[in-house]
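Down below is the structure, laid out as structure tokens.
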Amino acid sequence: MYTNFLMLLLISHFIGDYYLQSAELAELKQQKFIYVLKHGIIYPLPCLILLSLVFNVSLLLYFGLYFVLHIGVDLLKSFVLKTHNSDHKKNKAIYVIDQLLHILIIVVLSIIYSSNYGDVKFLGFIESWITINSINTNEILRLILLIVIIFKPTNMTFKVLFDNLKIKRDSKENTDPIKNMGATIGNLERALMIVLLILQQYTAIGLVIAGKSIARFNSNIAVEYFIIGTFYSILATIIPFTILWELC
């Protein structure tokens, strides 16, 4: 169901659109065309690296379409943000639609490629090593994609979707030199949940959530914000895991 080509494109998309794109660059893209081009230079790098492992001439056309369509969607997003008055609801909708369009393009290109050429094959020496060691490359790629999704993309999406929520902190907490602790805790929580889901230790997930709740009991962070963050983190782990692991 999930071809290696699809997995490689999705992995490269999330790396290029999140890990290789700073919040500052994402903001500047909405203001000046030159920053869209800058992103366009950086974005395809992980795709080039990954596809070099499976390179064949037939991939050139699809890579070109993939790159042009991605930049086209980014330009459209930039145009919409500049020509319409923005607010929280519109920004959220535009962000979600933007990512859905990127993913839809990747899925469609993957389906067309697979229908014409079948799935991609790794270079000869890599394919031989995979065969000798009986390695399930698709399973490994799905795991890599899952890991890539649950960290920075999940954190950034939370910030966009819930940026209008206010956290009440006292002056003592504001002097805390440790920043982004919530994101770090969320990353560790989701990583541990993925391990437990793969091992099918579902009961232990409840203990993780309970432990987090106890640790935050004396915190002055708004209860509603904490609950939303916890449920979001759970869903952001279980949904990708179910799609990539259980429904394959």
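Going by the structure tokens order, chains are called A, B, ..., each with residues numbered from 1, while ligands are numbered from 1 in the order shown.
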
Item to check | Test item, helix (DSSP H, G or I) assignment across segment 53-200 of chain A, answer as a VMD selection string | outcome: chain A and resid 58 to 83 88 to 117 124 to 132 137 to 150 152 to 161 171 to 174 181 to 198

Next on the checklist: When you look at Ser78 of chain A with a cut-off of 6 Å (counting only C-alpha atoms), what residues show up, excluding the ones that are within fewer than 3 positions of it in the same chain? I need them as a PyMOL selection string.
Outcome noted: chain A and resi 30+75+81

Would you export the selected residues with N, CA and C atoms as an mmCIF file, in the first residue's frame, please?
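What ended up in out-v1.cif:
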data_model
loop_
_atom_site.group_PDB
_atom_site.id
_atom_site.type_symbol
_atom_site.label_atom_id
_atom_site.label_comp_id
_atom_site.auth_asym_id
_atom_site.auth_seq_id
_atom_site.Cartn_x
_atom_site.Cartn_y
_atom_site.Cartn_z
ATOM 1 N N GLN A 30 6.349 34.781 3.630
ATOM 2 C CA GLN A 30 5.050 35.401 3.453
ATOM 3 C C GLN A 30 5.163 36.867 3.037
ATOM 4 N N LEU A 75 4.111 29.662 -3.302
ATOM 5 C CA LEU A 75 3.839 30.984 -3.867
ATOM 6 C C LEU A 75 2.367 31.352 -3.713
ATOM 7 N N LEU A 81 -1.733 35.092 1.747
ATOM 8 C CA LEU A 81 -1.456 35.751 3.022
ATOM 9 C C LEU A 81 -1.215 37.248 2.849
#

Checklist entry - Between A:Thr137, A:Val96, A:Tyr62, A:Leu161, which is the closest to Asn116 of chain A once you count only C-alpha atoms? => result A:Tyr62

Item to check | Selection near Tyr66 of chain A, 8 Å with only C-alpha atoms, sequence-local residues under 3 positions removed, as a count of residues only | outcome: 7

Closest atom pairs, residues of segment 17-93 of chain A within 10 Å of segment 122-127 of chain A, only C-alpha atoms, as JSON lines:
{"residue": "A:Leu51", "atom": "CA", "partner": "A:Phe122", "partner_atom": "CA", "distance": 8.9}
{"residue": "A:Ser52", "atom": "CA", "partner": "A:Leu123", "partner_atom": "CA", "distance": 8.4}
{"residue": "A:Leu53", "atom": "CA", "partner": "A:Phe122", "partner_atom": "CA", "distance": 5.6}
{"residue": "A:Val54", "atom": "CA", "partner": "A:Phe122", "partner_atom": "CA", "distance": 4.1}
{"residue": "A:Phe55", "atom": "CA", "partner": "A:Leu123", "partner_atom": "CA", "distance": 7.1}
{"residue": "A:Asn56", "atom": "CA", "partner": "A:Leu123", "partner_atom": "CA", "distance": 8.9}

Would you save the residues from that selection as a compact mmCIF listing (two decimals), in the first residue's frame, using N, CA and C atoms?
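Final file, result06.txt:
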# COMPACT_ATOMS: atom_id res chain seq x y z
N LEU A 51 16.71 10.26 -3.01
CA LEU A 51 16.44 9.67 -4.31
C LEU A 51 17.71 9.22 -5.01
N SER A 52 18.87 9.75 -4.58
CA SER A 52 20.13 9.28 -5.16
C SER A 52 20.38 7.82 -4.82
N LEU A 53 19.73 7.33 -3.76
CA LEU A 53 19.88 5.93 -3.37
C LEU A 53 19.10 5.00 -4.29
N VAL A 54 18.14 5.57 -5.01
CA VAL A 54 17.29 4.75 -5.89
C VAL A 54 17.27 5.32 -7.30
N PHE A 55 18.27 6.09 -7.64
CA PHE A 55 18.21 6.90 -8.87
C PHE A 55 18.03 6.06 -10.12
N ASN A 56 17.12 6.57 -10.96
CA ASN A 56 17.01 6.10 -12.34
C ASN A 56 16.44 7.26 -13.16

Checklist entry - Which of these, A:Leu145, A:Phe241, A:Ser233, A:Asn91, has the shortest distance to Leu196 of chain A once you count only C-alpha atoms? => result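 The closest residue to Leu196 of chain A is A:Phe241.
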
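Between Met156 of chain A and the residues A:Thr3, A:Thr230, A:Gln21, A:Thr242, the shortest atom-to-atom distance, using only C-alpha atoms, involves A:Gln21.
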
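Using only C-alpha atoms, the smallest distance between any of A:Leu61, A:Ala23, A:Leu10, A:Leu235 and Val107 of chain A comes from A:Leu10.
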
Checklist entry - What gap, in Å, lies between atom CA of Lys38 of chain A and atom CA of Thr184 of chain A? => result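 Atom CA of Thr184 of chain A lies at a distance of 28.6 Å from atom CA of Lys38 of chain A.
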